[in-house]
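Heads up: the structure comes next, in structure tokens.
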Amino acid sequence: MDSLLVRPSGPLSGSVQVSGAKNSVLKLLAATLLARGEFVLHNAPRIADVEVMCDLLMSMGVDTRRSGSDLAVSCSGDIVPEAPYELVERMRASIVVLGPLLARFGRARVSMPGGDNFGTRPIDMHLKGLEMMGATFDIHHGYVEASCDGLLGARVVLEFPSHTATDNLLMAAVLAKGASTIENAAREPEVADLAAMLNRMGARISGAGTSTIEVEGVEELSAVEHTVIPDRIEAATWVAAVGIAGGEITIEGARSDHMDMVIQKMGAMGVRVSPSRSGLWASCSRRLQSTDVATLPYPGIATDYKPLLVTMLAVSEGIGIVTENVFRDNRFAYVAELMRMGADVRTEGHHAVVRGVPRLSGARVKAHDLRAGVALALAGLVAEGETEVQEASHIDRGYEDFAGKLRGLGAEAERRR
Ligand code: UD1
């Protein structure tokens with residue numbers, strides 16, 4: 001059990017609705033720690049990572065209530081500024097509570113995130129930036145114990161445009177005394193979405209979505225309503241699906257302006273994509289052509305798109321070289337599973353050479369992480385026989401009813417729990 005069964009079903013058709021962005025809503029939830037009162041997040045995806053973040057907020061004394069795709073969060077009583085191991089271990093992104101907790105309460109105790117299926121993911125840039133704002137840290141028994149006597153605005157130059165380090169520093173800077181600048185900031189649309197909600201709460205942020213973010217600290221913020229932006233990685237998943245299986249679909253709610261490079265890349269492989277009134281239209285009527293792929297921070301090709309692109313290359317005509325530049329250690333773990341389905345891939349360090357094959361064959365494979373699970377499921381759309389993706393709960397972390405959405409496009413897919 002805990003598997004996803006997929007069988008080949010011919011070209012896809014119909015439409016699919018994209019949910020709210022996982023990498024946005026998790027930070028928006030953390031930002032609710034910055035103010036009293038009731039927040040309402042509209043378009044909040046029903047995914048397991050959101051449940052973990054809600055569990056984390058509730059463990060601190062915050063109340064969360066869901067009604068359809070609305071998530072109400074109220075932060076009225078006393079908050080315990082602590083993120084325990086049991087929850088951080090379930091989701092590394094929990095680290096984004098560190099900035100807001102420090103900013104509002106002057107202290108925080110957050111479990112150190114350990115390794116995960118992408119290898120080690122350090123948090124040194126988060127800590128260094130917060131230190132520049134006046135925080136001090138001790139690491140005891142696996143926990144970061146942070147404190148400050150009121151944060152002070154600072155100029156922080158990030159060594160790499162880390163997405164969650166930018167989020168953490170932004171949420172710290174909004175309540176710091178004086179002005180802050182984050183240079184070499186991450187430019188992801190989800191950072192801009194976080195800044196948009198913070199500004200509505202009363203923060204004074206400019207430049208979010210560019211490499212230089214400027215923040216003028218304020219004394220207090222207030223609760224607001226906010227609509228989460230659509231998930232560009234989910235939207236790209238459906239574009240990849242139609243590239244692999246063929247057909248013609250509409251992807252409701254997708255924002256093409258958040259997906260320029262991936263649309264260009266998938267377009268170069270032969271998927272026709274164009275913006276429609278309600279999102280995106282995508283179609284593919286011939287075998288994909290190989291191309292080379294290199295991941296980069298936004299606006300480059302996101303590392304999260306890579307497993308989708310590798311599956312596309314696995315069934316394309318020609319050879320594609322894939323280079324991972326964001327997470328350099330061990331982000332090709334799923335390739336061995338894809339090879340069990342007949343893919344021809346050689347990996348060497350942070351490169352993979354993918355030689356397209358005319359057909360794959362269904363097999364029992366294991367999802368090592370969220371995007372890998374989805375990439376294997378997409379391979380199942382054109383693999384002869386049945387593909388059983390085990391440990392499919394990884395997919396539930398970031399996709400709302402993935403199997404149901406696939407079925408809505410005419411695919412044969414069944415989630416077994
Ligand atoms: C976020 C996304 C994730 C995406 C990734 C890259 C969330 C919840 N997750 O992860 O889906 O794959 O961006 O777009 O938003 N690094 C350090 N020190 C640090 C922080 C990061 O060395 O303090 C390194 C990492 O090891 C990695 C690179 O910086 O090599 C980028 O990581 P980062 O952008 O921080 O990824 P996340 O924010 O964890």
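Going through the structure tokens in order, the chains are called A, B, and so on, while each chain numbers its residues from 1 and the ligands are numbered from 1 in the order shown.
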
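Look at region 44-51 of chain A: the protein and nucleic acid residues within 6 Å of it, using only C-alpha atoms and passing over chain neighbours fewer than 3 places away, are A:Ser19, A:Gly20, A:Cys54, A:Ser69, A:Asp70, A:Asp396, A:Arg397, A:Gly398, A:Tyr399, A:Glu400.
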
Take the residues that were just selected and, keeping all heavy atoms, output them as a PDB file, in the first residue's frame.
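Listed below is the output, selection_6.pdb:
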ATOM      1  N   SER A  19      -3.389  24.047  -8.016  1.00  0.00           N
ATOM      2  CA  SER A  19      -3.617  24.485  -6.624  1.00  0.00           C
ATOM      3  C   SER A  19      -2.662  25.620  -6.255  1.00  0.00           C
ATOM      4  O   SER A  19      -1.775  25.975  -7.035  1.00  0.00           O
ATOM      5  CB  SER A  19      -3.387  23.306  -5.682  1.00  0.00           C
ATOM      6  OG  SER A  19      -4.225  22.233  -6.039  1.00  0.00           O
ATOM      7  N   GLY A  20      -2.823  26.138  -5.044  1.00  0.00           N
ATOM      8  CA  GLY A  20      -1.939  27.195  -4.538  1.00  0.00           C
ATOM      9  C   GLY A  20      -0.522  26.663  -4.353  1.00  0.00           C
ATOM     10  O   GLY A  20      -0.315  25.462  -4.149  1.00  0.00           O
ATOM     11  N   CYS A  54       0.746  23.522   9.712  1.00  0.00           N
ATOM     12  CA  CYS A  54      -0.353  23.837  10.632  1.00  0.00           C
ATOM     13  C   CYS A  54      -0.115  23.140  11.978  1.00  0.00           C
ATOM     14  O   CYS A  54      -0.335  23.732  13.041  1.00  0.00           O
ATOM     15  CB  CYS A  54      -1.700  23.419  10.040  1.00  0.00           C
ATOM     16  SG  CYS A  54      -2.214  24.505   8.700  1.00  0.00           S
ATOM     17  N   SER A  69     -10.842  25.643   0.414  1.00  0.00           N
ATOM     18  CA  SER A  69      -9.453  26.040   0.147  1.00  0.00           C
ATOM     19  C   SER A  69      -9.046  27.270   0.967  1.00  0.00           C
ATOM     20  O   SER A  69      -7.983  27.848   0.727  1.00  0.00           O
ATOM     21  CB  SER A  69      -9.249  26.272  -1.345  1.00  0.00           C
ATOM     22  OG  SER A  69     -10.092  27.311  -1.756  1.00  0.00           O
ATOM     23  N   ASP A  70      -9.897  27.676   1.920  1.00  0.00           N
ATOM     24  CA  ASP A  70      -9.521  28.786   2.826  1.00  0.00           C
ATOM     25  C   ASP A  70      -8.922  28.220   4.104  1.00  0.00           C
ATOM     26  O   ASP A  70      -9.428  27.243   4.654  1.00  0.00           O
ATOM     27  CB  ASP A  70     -10.761  29.604   3.215  1.00  0.00           C
ATOM     28  CG  ASP A  70     -11.229  30.499   2.088  1.00  0.00           C
ATOM     29  OD1 ASP A  70     -10.516  30.587   1.070  1.00  0.00           O
ATOM     30  OD2 ASP A  70     -12.305  31.094   2.236  1.00  0.00           O
ATOM     31  N   ASP A 396       1.967  13.270  -2.003  1.00  0.00           N
ATOM     32  CA  ASP A 396       0.914  14.001  -1.263  1.00  0.00           C
ATOM     33  C   ASP A 396       1.474  15.229  -0.555  1.00  0.00           C
ATOM     34  O   ASP A 396       0.723  16.130  -0.196  1.00  0.00           O
ATOM     35  CB  ASP A 396       0.265  13.099  -0.191  1.00  0.00           C
ATOM     36  CG  ASP A 396      -0.273  11.810  -0.784  1.00  0.00           C
ATOM     37  OD1 ASP A 396      -0.580  11.792  -1.988  1.00  0.00           O
ATOM     38  OD2 ASP A 396      -0.363  10.814  -0.029  1.00  0.00           O
ATOM     39  N   ARG A 397       2.791  15.259  -0.319  1.00  0.00           N
ATOM     40  CA  ARG A 397       3.391  16.416   0.358  1.00  0.00           C
ATOM     41  C   ARG A 397       3.161  17.701  -0.427  1.00  0.00           C
ATOM     42  O   ARG A 397       3.037  18.770   0.161  1.00  0.00           O
ATOM     43  CB  ARG A 397       4.909  16.224   0.511  1.00  0.00           C
ATOM     44  CG  ARG A 397       5.323  15.257   1.603  1.00  0.00           C
ATOM     45  CD  ARG A 397       6.832  15.317   1.766  1.00  0.00           C
ATOM     46  NE  ARG A 397       7.268  16.708   1.640  1.00  0.00           N
ATOM     47  CZ  ARG A 397       8.415  17.105   1.102  1.00  0.00           C
ATOM     48  NH1 ARG A 397       9.260  16.230   0.651  1.00  0.00           N
ATOM     49  NH2 ARG A 397       8.722  18.386   1.035  1.00  0.00           N
ATOM     50  N   GLY A 398       3.148  17.574  -1.777  1.00  0.00           N
ATOM     51  CA  GLY A 398       3.097  18.810  -2.570  1.00  0.00           C
ATOM     52  C   GLY A 398       2.009  18.853  -3.627  1.00  0.00           C
ATOM     53  O   GLY A 398       1.884  19.862  -4.313  1.00  0.00           O
ATOM     54  N   TYR A 399       1.265  17.782  -3.801  1.00  0.00           N
ATOM     55  CA  TYR A 399       0.216  17.765  -4.841  1.00  0.00           C
ATOM     56  C   TYR A 399      -1.107  17.389  -4.198  1.00  0.00           C
ATOM     57  O   TYR A 399      -1.179  16.414  -3.436  1.00  0.00           O
ATOM     58  CB  TYR A 399       0.544  16.755  -5.938  1.00  0.00           C
ATOM     59  CG  TYR A 399       1.701  17.169  -6.818  1.00  0.00           C
ATOM     60  CD1 TYR A 399       3.017  17.017  -6.388  1.00  0.00           C
ATOM     61  CD2 TYR A 399       1.489  17.719  -8.084  1.00  0.00           C
ATOM     62  CE1 TYR A 399       4.090  17.396  -7.174  1.00  0.00           C
ATOM     63  CE2 TYR A 399       2.557  18.103  -8.891  1.00  0.00           C
ATOM     64  CZ  TYR A 399       3.851  17.936  -8.431  1.00  0.00           C
ATOM     65  OH  TYR A 399       4.906  18.314  -9.215  1.00  0.00           O
ATOM     66  N   GLU A 400      -2.136  18.159  -4.550  1.00  0.00           N
ATOM     67  CA  GLU A 400      -3.474  17.892  -4.031  1.00  0.00           C
ATOM     68  C   GLU A 400      -4.138  16.899  -4.981  1.00  0.00           C
ATOM     69  O   GLU A 400      -4.287  17.187  -6.175  1.00  0.00           O
ATOM     70  CB  GLU A 400      -4.203  19.249  -4.051  1.00  0.00           C
ATOM     71  CG  GLU A 400      -5.476  19.294  -3.293  1.00  0.00           C
ATOM     72  CD  GLU A 400      -6.028  20.734  -3.255  1.00  0.00           C
ATOM     73  OE1 GLU A 400      -5.354  21.644  -2.742  1.00  0.00           O
ATOM     74  OE2 GLU A 400      -7.137  20.938  -3.743  1.00  0.00           O
TER      75      GLU A 400
END

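Neighbours of region 348-361 of chain A closer than or equal to 7 Å, with only C-alpha atoms counted and sequence neighbours fewer than 3 positions away skipped, come out as Leu313, Ala314, Val315, Ser316, Glu317, Gly318, Ile319, Gly320, Ile321, Val322, Thr323, Glu324, Arg328, Asp329, Met341, Gly342, Ala343, Asp344, Val345, Val382, Ala383, Glu384 and Gly385 of chain A.
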
Quick one: write out the picked residues with all heavy atoms as a compact mmCIF listing (two decimals), in the first residue's frame?
# COMPACT_ATOMS: atom_id res chain seq x y z
N LEU A 313 13.05 13.67 -21.24
CA LEU A 313 14.22 13.30 -22.05
C LEU A 313 14.33 11.78 -22.22
O LEU A 313 14.78 11.30 -23.26
CB LEU A 313 15.51 13.83 -21.39
CG LEU A 313 15.69 15.35 -21.43
CD1 LEU A 313 16.88 15.75 -20.57
CD2 LEU A 313 15.89 15.82 -22.88
N ALA A 314 13.88 11.06 -21.19
CA ALA A 314 14.00 9.59 -21.23
C ALA A 314 13.22 9.00 -22.39
O ALA A 314 13.56 7.92 -22.88
CB ALA A 314 13.52 8.99 -19.90
N VAL A 315 12.16 9.70 -22.85
CA VAL A 315 11.37 9.16 -23.95
C VAL A 315 11.49 10.02 -25.22
O VAL A 315 10.73 9.87 -26.16
CB VAL A 315 9.87 9.01 -23.55
CG1 VAL A 315 9.71 7.95 -22.47
CG2 VAL A 315 9.28 10.33 -23.08
N SER A 316 12.47 10.95 -25.22
CA SER A 316 12.65 11.84 -26.38
C SER A 316 13.53 11.19 -27.43
O SER A 316 14.20 10.19 -27.18
CB SER A 316 13.36 13.13 -25.94
OG SER A 316 12.53 13.88 -25.10
N GLU A 317 13.60 11.86 -28.56
CA GLU A 317 14.50 11.43 -29.62
C GLU A 317 15.81 12.18 -29.43
O GLU A 317 15.80 13.43 -29.40
CB GLU A 317 13.87 11.79 -30.96
CG GLU A 317 14.44 11.00 -32.08
CD GLU A 317 13.62 11.21 -33.35
OE1 GLU A 317 12.44 11.59 -33.28
OE2 GLU A 317 14.22 11.00 -34.41
N GLY A 318 16.91 11.47 -29.25
CA GLY A 318 18.21 12.13 -29.11
C GLY A 318 18.76 12.02 -27.70
O GLY A 318 18.27 11.24 -26.87
N ILE A 319 19.79 12.83 -27.43
CA ILE A 319 20.50 12.77 -26.14
C ILE A 319 20.45 14.13 -25.49
O ILE A 319 20.64 15.16 -26.15
CB ILE A 319 21.99 12.37 -26.38
CG1 ILE A 319 22.06 10.98 -27.03
CG2 ILE A 319 22.78 12.40 -25.07
CD1 ILE A 319 23.47 10.57 -27.41
N GLY A 320 20.19 14.17 -24.21
CA GLY A 320 20.17 15.44 -23.47
C GLY A 320 21.12 15.36 -22.28
O GLY A 320 21.21 14.34 -21.61
N ILE A 321 21.83 16.46 -22.05
CA ILE A 321 22.74 16.50 -20.89
C ILE A 321 22.09 17.39 -19.84
O ILE A 321 21.70 18.53 -20.13
CB ILE A 321 24.12 17.04 -21.29
CG1 ILE A 321 24.74 16.09 -22.32
CG2 ILE A 321 25.04 17.17 -20.06
CD1 ILE A 321 26.06 16.55 -22.88
N VAL A 322 21.98 16.86 -18.64
CA VAL A 322 21.30 17.59 -17.56
C VAL A 322 22.32 17.93 -16.48
O VAL A 322 23.08 17.07 -16.03
CB VAL A 322 20.19 16.70 -16.94
CG1 VAL A 322 19.44 17.45 -15.86
CG2 VAL A 322 19.23 16.23 -18.03
N THR A 323 22.37 19.19 -16.09
CA THR A 323 23.33 19.63 -15.08
C THR A 323 22.59 20.25 -13.89
O THR A 323 21.77 21.14 -14.07
CB THR A 323 24.30 20.67 -15.69
OG1 THR A 323 24.90 20.09 -16.83
CG2 THR A 323 25.37 21.09 -14.69
N GLU A 324 22.89 19.74 -12.71
CA GLU A 324 22.26 20.27 -11.49
C GLU A 324 23.20 21.29 -10.86
O GLU A 324 24.31 20.95 -10.45
CB GLU A 324 21.98 19.11 -10.52
CG GLU A 324 21.52 19.53 -9.13
CD GLU A 324 20.21 20.31 -9.14
OE1 GLU A 324 19.20 19.77 -9.58
OE2 GLU A 324 20.21 21.49 -8.70
N ARG A 328 23.86 20.29 -5.42
CA ARG A 328 24.85 19.54 -6.21
C ARG A 328 25.06 18.11 -5.72
O ARG A 328 25.61 17.30 -6.43
CB ARG A 328 26.17 20.30 -6.22
CG ARG A 328 26.07 21.50 -7.16
CD ARG A 328 27.37 22.23 -7.25
NE ARG A 328 27.41 23.00 -8.48
CZ ARG A 328 28.37 22.93 -9.39
NH1 ARG A 328 29.39 22.13 -9.22
NH2 ARG A 328 28.33 23.67 -10.46
N ASP A 329 24.63 17.85 -4.46
CA ASP A 329 24.87 16.48 -3.99
C ASP A 329 23.60 15.62 -4.10
O ASP A 329 22.55 15.95 -3.59
CB ASP A 329 25.42 16.48 -2.55
CG ASP A 329 24.59 17.34 -1.62
OD1 ASP A 329 23.76 18.12 -2.13
OD2 ASP A 329 24.76 17.22 -0.40
N MET A 341 12.71 1.17 -15.29
CA MET A 341 11.61 1.20 -16.26
C MET A 341 12.15 1.21 -17.70
O MET A 341 11.39 1.41 -18.64
CB MET A 341 10.73 2.43 -16.02
CG MET A 341 10.08 2.43 -14.63
SD MET A 341 9.11 3.92 -14.32
CE MET A 341 7.72 3.68 -15.41
N GLY A 342 13.47 1.07 -17.84
CA GLY A 342 14.05 0.99 -19.19
C GLY A 342 14.69 2.27 -19.67
O GLY A 342 15.18 2.32 -20.81
N ALA A 343 14.74 3.32 -18.83
CA ALA A 343 15.38 4.57 -19.27
C ALA A 343 16.88 4.34 -19.38
O ALA A 343 17.46 3.51 -18.67
CB ALA A 343 15.09 5.68 -18.27
N ASP A 344 17.51 5.11 -20.28
CA ASP A 344 18.94 4.99 -20.50
C ASP A 344 19.59 6.28 -20.00
O ASP A 344 19.59 7.29 -20.70
CB ASP A 344 19.19 4.76 -22.01
CG ASP A 344 20.67 4.58 -22.32
OD1 ASP A 344 21.51 4.81 -21.42
OD2 ASP A 344 20.98 4.22 -23.47
N VAL A 345 20.07 6.25 -18.76
CA VAL A 345 20.63 7.47 -18.15
C VAL A 345 21.96 7.13 -17.50
O VAL A 345 22.08 6.11 -16.81
CB VAL A 345 19.68 8.03 -17.04
CG1 VAL A 345 20.16 9.39 -16.56
CG2 VAL A 345 18.24 8.12 -17.51
N VAL A 382 3.42 6.33 -20.16
CA VAL A 382 3.77 5.75 -21.47
C VAL A 382 4.54 4.44 -21.32
O VAL A 382 5.12 3.95 -22.29
CB VAL A 382 4.60 6.75 -22.32
CG1 VAL A 382 3.72 7.87 -22.83
CG2 VAL A 382 5.80 7.29 -21.56
N ALA A 383 4.58 3.89 -20.11
CA ALA A 383 5.32 2.64 -19.92
C ALA A 383 4.36 1.47 -20.12
O ALA A 383 3.25 1.47 -19.60
CB ALA A 383 5.93 2.60 -18.52
N GLU A 384 4.83 0.49 -20.85
CA GLU A 384 4.02 -0.69 -21.14
C GLU A 384 3.65 -1.39 -19.83
O GLU A 384 4.53 -1.59 -18.98
CB GLU A 384 4.92 -1.61 -21.97
CG GLU A 384 4.23 -2.54 -22.90
CD GLU A 384 5.30 -3.41 -23.54
OE1 GLU A 384 6.35 -2.86 -23.94
OE2 GLU A 384 5.10 -4.62 -23.58
N GLY A 385 2.39 -1.76 -19.66
CA GLY A 385 1.96 -2.47 -18.44
C GLY A 385 1.71 -1.49 -17.31
O GLY A 385 1.41 -0.32 -17.53

Do you know which residues are at most 12 Å from Phe105 (chain A) counting only C-alpha atoms, after dropping those on the same chain fewer than 5 positions away, and could you put them as a PDB file with N, CA, C and O atoms, in the first residue's frame?
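Final output, result-v1.pdb:
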ATOM      1  N   LEU A  33       2.930  34.319  12.220  1.00  0.00           N
ATOM      2  CA  LEU A  33       3.500  34.445  13.577  1.00  0.00           C
ATOM      3  C   LEU A  33       3.883  35.893  13.886  1.00  0.00           C
ATOM      4  O   LEU A  33       4.196  36.225  15.025  1.00  0.00           O
ATOM      5  N   LEU A  34       3.878  36.752  12.857  1.00  0.00           N
ATOM      6  CA  LEU A  34       4.348  38.130  13.050  1.00  0.00           C
ATOM      7  C   LEU A  34       3.284  39.067  13.611  1.00  0.00           C
ATOM      8  O   LEU A  34       3.583  40.216  13.933  1.00  0.00           O
ATOM      9  N   ALA A  35       2.020  38.605  13.662  1.00  0.00           N
ATOM     10  CA  ALA A  35       0.968  39.537  14.113  1.00  0.00           C
ATOM     11  C   ALA A  35      -0.153  38.812  14.839  1.00  0.00           C
ATOM     12  O   ALA A  35      -0.399  37.634  14.611  1.00  0.00           O
ATOM     13  N   ASP A  78      -0.803  33.311  24.042  1.00  0.00           N
ATOM     14  CA  ASP A  78       0.661  33.239  24.174  1.00  0.00           C
ATOM     15  C   ASP A  78       1.217  32.224  23.178  1.00  0.00           C
ATOM     16  O   ASP A  78       0.622  31.180  22.951  1.00  0.00           O
ATOM     17  N   ILE A  79       2.347  32.559  22.632  1.00  0.00           N
ATOM     18  CA  ILE A  79       2.986  31.659  21.660  1.00  0.00           C
ATOM     19  C   ILE A  79       4.207  31.025  22.318  1.00  0.00           C
ATOM     20  O   ILE A  79       4.975  31.713  22.995  1.00  0.00           O
ATOM     21  N   VAL A  80       4.370  29.724  22.119  1.00  0.00           N
ATOM     22  CA  VAL A  80       5.592  29.048  22.580  1.00  0.00           C
ATOM     23  C   VAL A  80       6.537  29.037  21.374  1.00  0.00           C
ATOM     24  O   VAL A  80       6.279  28.332  20.405  1.00  0.00           O
ATOM     25  N   PRO A  81       7.627  29.832  21.408  1.00  0.00           N
ATOM     26  CA  PRO A  81       8.440  29.969  20.186  1.00  0.00           C
ATOM     27  C   PRO A  81       9.398  28.794  19.971  1.00  0.00           C
ATOM     28  O   PRO A  81      10.604  28.943  19.989  1.00  0.00           O
ATOM     29  N   GLU A  82       8.822  27.632  19.764  1.00  0.00           N
ATOM     30  CA  GLU A  82       9.652  26.432  19.643  1.00  0.00           C
ATOM     31  C   GLU A  82       9.163  25.536  18.511  1.00  0.00           C
ATOM     32  O   GLU A  82       7.962  25.287  18.373  1.00  0.00           O
ATOM     33  N   VAL A  97      10.228  29.407  10.357  1.00  0.00           N
ATOM     34  CA  VAL A  97       9.612  30.065  11.527  1.00  0.00           C
ATOM     35  C   VAL A  97      10.670  30.816  12.334  1.00  0.00           C
ATOM     36  O   VAL A  97      10.339  31.649  13.181  1.00  0.00           O
ATOM     37  N   LEU A  98      11.949  30.527  12.079  1.00  0.00           N
ATOM     38  CA  LEU A  98      13.014  31.131  12.899  1.00  0.00           C
ATOM     39  C   LEU A  98      13.000  32.668  12.815  1.00  0.00           C
ATOM     40  O   LEU A  98      13.009  33.348  13.851  1.00  0.00           O
ATOM     41  N   GLY A  99      12.962  33.207  11.604  1.00  0.00           N
ATOM     42  CA  GLY A  99      12.988  34.669  11.412  1.00  0.00           C
ATOM     43  C   GLY A  99      11.812  35.359  12.097  1.00  0.00           C
ATOM     44  O   GLY A  99      12.001  36.263  12.924  1.00  0.00           O
ATOM     45  N   PRO A 100      10.560  34.936  11.786  1.00  0.00           N
ATOM     46  CA  PRO A 100       9.424  35.607  12.424  1.00  0.00           C
ATOM     47  C   PRO A 100       9.399  35.461  13.947  1.00  0.00           C
ATOM     48  O   PRO A 100       9.043  36.409  14.661  1.00  0.00           O
ATOM     49  N   ALA A 135      21.048  38.804  16.174  1.00  0.00           N
ATOM     50  CA  ALA A 135      20.665  37.571  16.884  1.00  0.00           C
ATOM     51  C   ALA A 135      21.914  36.787  17.293  1.00  0.00           C
ATOM     52  O   ALA A 135      22.950  36.891  16.636  1.00  0.00           O
ATOM     53  N   ALA A 146      18.012  30.546  19.703  1.00  0.00           N
ATOM     54  CA  ALA A 146      18.288  31.886  19.192  1.00  0.00           C
ATOM     55  C   ALA A 146      17.719  32.930  20.125  1.00  0.00           C
ATOM     56  O   ALA A 146      16.657  32.738  20.721  1.00  0.00           O
ATOM     57  N   SER A 147      18.452  34.032  20.265  1.00  0.00           N
ATOM     58  CA  SER A 147      17.866  35.135  21.035  1.00  0.00           C
ATOM     59  C   SER A 147      18.412  36.459  20.516  1.00  0.00           C
ATOM     60  O   SER A 147      19.418  36.513  19.800  1.00  0.00           O
ATOM     61  N   CYS A 148      17.711  37.528  20.865  1.00  0.00           N
ATOM     62  CA  CYS A 148      18.167  38.863  20.484  1.00  0.00           C
ATOM     63  C   CYS A 148      17.469  39.868  21.384  1.00  0.00           C
ATOM     64  O   CYS A 148      16.446  39.562  22.007  1.00  0.00           O
ATOM     65  N   ASP A 149      18.088  41.029  21.449  1.00  0.00           N
ATOM     66  CA  ASP A 149      17.478  42.079  22.240  1.00  0.00           C
ATOM     67  C   ASP A 149      16.874  43.067  21.244  1.00  0.00           C
ATOM     68  O   ASP A 149      17.330  44.192  21.111  1.00  0.00           O
ATOM     69  N   GLY A 150      15.902  42.607  20.486  1.00  0.00           N
ATOM     70  CA  GLY A 150      15.341  43.426  19.397  1.00  0.00           C
ATOM     71  C   GLY A 150      16.270  43.361  18.200  1.00  0.00           C
ATOM     72  O   GLY A 150      17.477  43.596  18.345  1.00  0.00           O
ATOM     73  N   LEU A 151      15.743  42.998  17.034  1.00  0.00           N
ATOM     74  CA  LEU A 151      16.601  42.913  15.846  1.00  0.00           C
ATOM     75  C   LEU A 151      16.879  44.313  15.302  1.00  0.00           C
ATOM     76  O   LEU A 151      16.056  45.219  15.448  1.00  0.00           O
ATOM     77  N   ALA A 172      12.311  38.514   9.224  1.00  0.00           N
ATOM     78  CA  ALA A 172      12.986  39.101  10.387  1.00  0.00           C
ATOM     79  C   ALA A 172      13.083  40.607  10.210  1.00  0.00           C
ATOM     80  O   ALA A 172      12.836  41.382  11.149  1.00  0.00           O
ATOM     81  N   LEU A 175      10.222  43.536  11.145  1.00  0.00           N
ATOM     82  CA  LEU A 175      10.008  44.096  12.491  1.00  0.00           C
ATOM     83  C   LEU A 175      11.327  44.576  13.119  1.00  0.00           C
ATOM     84  O   LEU A 175      11.358  44.920  14.300  1.00  0.00           O
ATOM     85  N   ALA A 176      12.427  44.575  12.349  1.00  0.00           N
ATOM     86  CA  ALA A 176      13.715  45.035  12.902  1.00  0.00           C
ATOM     87  C   ALA A 176      13.707  46.561  12.974  1.00  0.00           C
ATOM     88  O   ALA A 176      12.973  47.227  12.239  1.00  0.00           O
TER      89      ALA A 176
END

Practice prompt. Identify, with DSSP run on backbone atoms, the residues in region 180-369 of chain A assigned to strand (DSSP E), and express the list as number ranges by chain.
Written response: A: 180-183, 204-206, 212-216, 225-227, 247-252, 272-276, 279-284, 293-294, 319-323, 344-348, 351-355, 360-361, 364-366

Practice prompt. Write down as a PyMOL selection string the residues of region 311-371 of chain A whose backbone DSSP state falls under helix (DSSP H, G or I).
Written response: chain A and resi 311-314+335-340+370-371

Output of the above residues as an mmCIF file, in the first residue's frame, restricted to N, CA, C and O atoms:
data_model
loop_
_atom_site.group_PDB
_atom_site.id
_atom_site.type_symbol
_atom_site.label_atom_id
_atom_site.label_comp_id
_atom_site.auth_asym_id
_atom_site.auth_seq_id
_atom_site.Cartn_x
_atom_site.Cartn_y
_atom_site.Cartn_z
ATOM 1 N N THR A 311 12.410 12.801 -17.116
ATOM 2 C CA THR A 311 11.453 11.815 -17.642
ATOM 3 C C THR A 311 11.101 12.149 -19.091
ATOM 4 O O THR A 311 11.003 11.260 -19.941
ATOM 5 N N MET A 312 10.935 13.443 -19.403
ATOM 6 C CA MET A 312 10.655 13.825 -20.791
ATOM 7 C C MET A 312 11.812 13.390 -21.694
ATOM 8 O O MET A 312 11.603 12.799 -22.757
ATOM 9 N N LEU A 313 13.055 13.665 -21.244
ATOM 10 C CA LEU A 313 14.223 13.299 -22.047
ATOM 11 C C LEU A 313 14.332 11.783 -22.220
ATOM 12 O O LEU A 313 14.779 11.297 -23.255
ATOM 13 N N ALA A 314 13.884 11.056 -21.188
ATOM 14 C CA ALA A 314 13.998 9.590 -21.227
ATOM 15 C C ALA A 314 13.217 8.996 -22.389
ATOM 16 O O ALA A 314 13.558 7.921 -22.878
ATOM 17 N N VAL A 335 16.971 8.481 -10.545
ATOM 18 C CA VAL A 335 17.330 8.003 -11.875
ATOM 19 C C VAL A 335 17.430 6.474 -11.908
ATOM 20 O O VAL A 335 17.011 5.827 -12.868
ATOM 21 N N ALA A 336 17.937 5.894 -10.825
ATOM 22 C CA ALA A 336 18.071 4.432 -10.775
ATOM 23 C C ALA A 336 16.691 3.788 -10.899
ATOM 24 O O ALA A 336 16.551 2.719 -11.523
ATOM 25 N N GLU A 337 15.675 4.440 -10.332
ATOM 26 C CA GLU A 337 14.309 3.899 -10.421
ATOM 27 C C GLU A 337 13.791 4.005 -11.860
ATOM 28 O O GLU A 337 13.163 3.098 -12.380
ATOM 29 N N LEU A 338 14.090 5.155 -12.480
ATOM 30 C CA LEU A 338 13.660 5.365 -13.874
ATOM 31 C C LEU A 338 14.333 4.334 -14.792
ATOM 32 O O LEU A 338 13.740 3.853 -15.760
ATOM 33 N N MET A 339 15.571 3.990 -14.452
ATOM 34 C CA MET A 339 16.297 2.991 -15.267
ATOM 35 C C MET A 339 15.657 1.610 -15.133
ATOM 36 O O MET A 339 15.712 0.804 -16.053
ATOM 37 N N ARG A 340 15.018 1.365 -13.980
ATOM 38 C CA ARG A 340 14.312 0.089 -13.820
ATOM 39 C C ARG A 340 13.136 0.008 -14.783
ATOM 40 O O ARG A 340 12.593 -1.054 -15.044
ATOM 41 N N LEU A 370 9.410 14.026 -3.272
ATOM 42 C CA LEU A 370 8.211 14.533 -3.926
ATOM 43 C C LEU A 370 8.296 14.572 -5.449
ATOM 44 O O LEU A 370 7.497 13.947 -6.154
ATOM 45 N N ARG A 371 9.266 15.321 -5.976
ATOM 46 C CA ARG A 371 9.317 15.505 -7.437
ATOM 47 C C ARG A 371 9.708 14.209 -8.149
ATOM 48 O O ARG A 371 9.274 13.951 -9.262
#

Item to complete: Please measure the separation of CA of Val273 (chain A) and CA of Asn43 (chain A), giving the value in Å to one decimal.
Response: 24.2 Å

Item to complete: Write out as a PyMOL selection string the residues lying within 9 Å of region 254-262 of chain A, counting only C-alpha atoms and excluding same-chain residues fewer than 5 positions away.
Response: chain A and resi 17-19+188-189+229-236+267+274-275+278-280+299-302+305
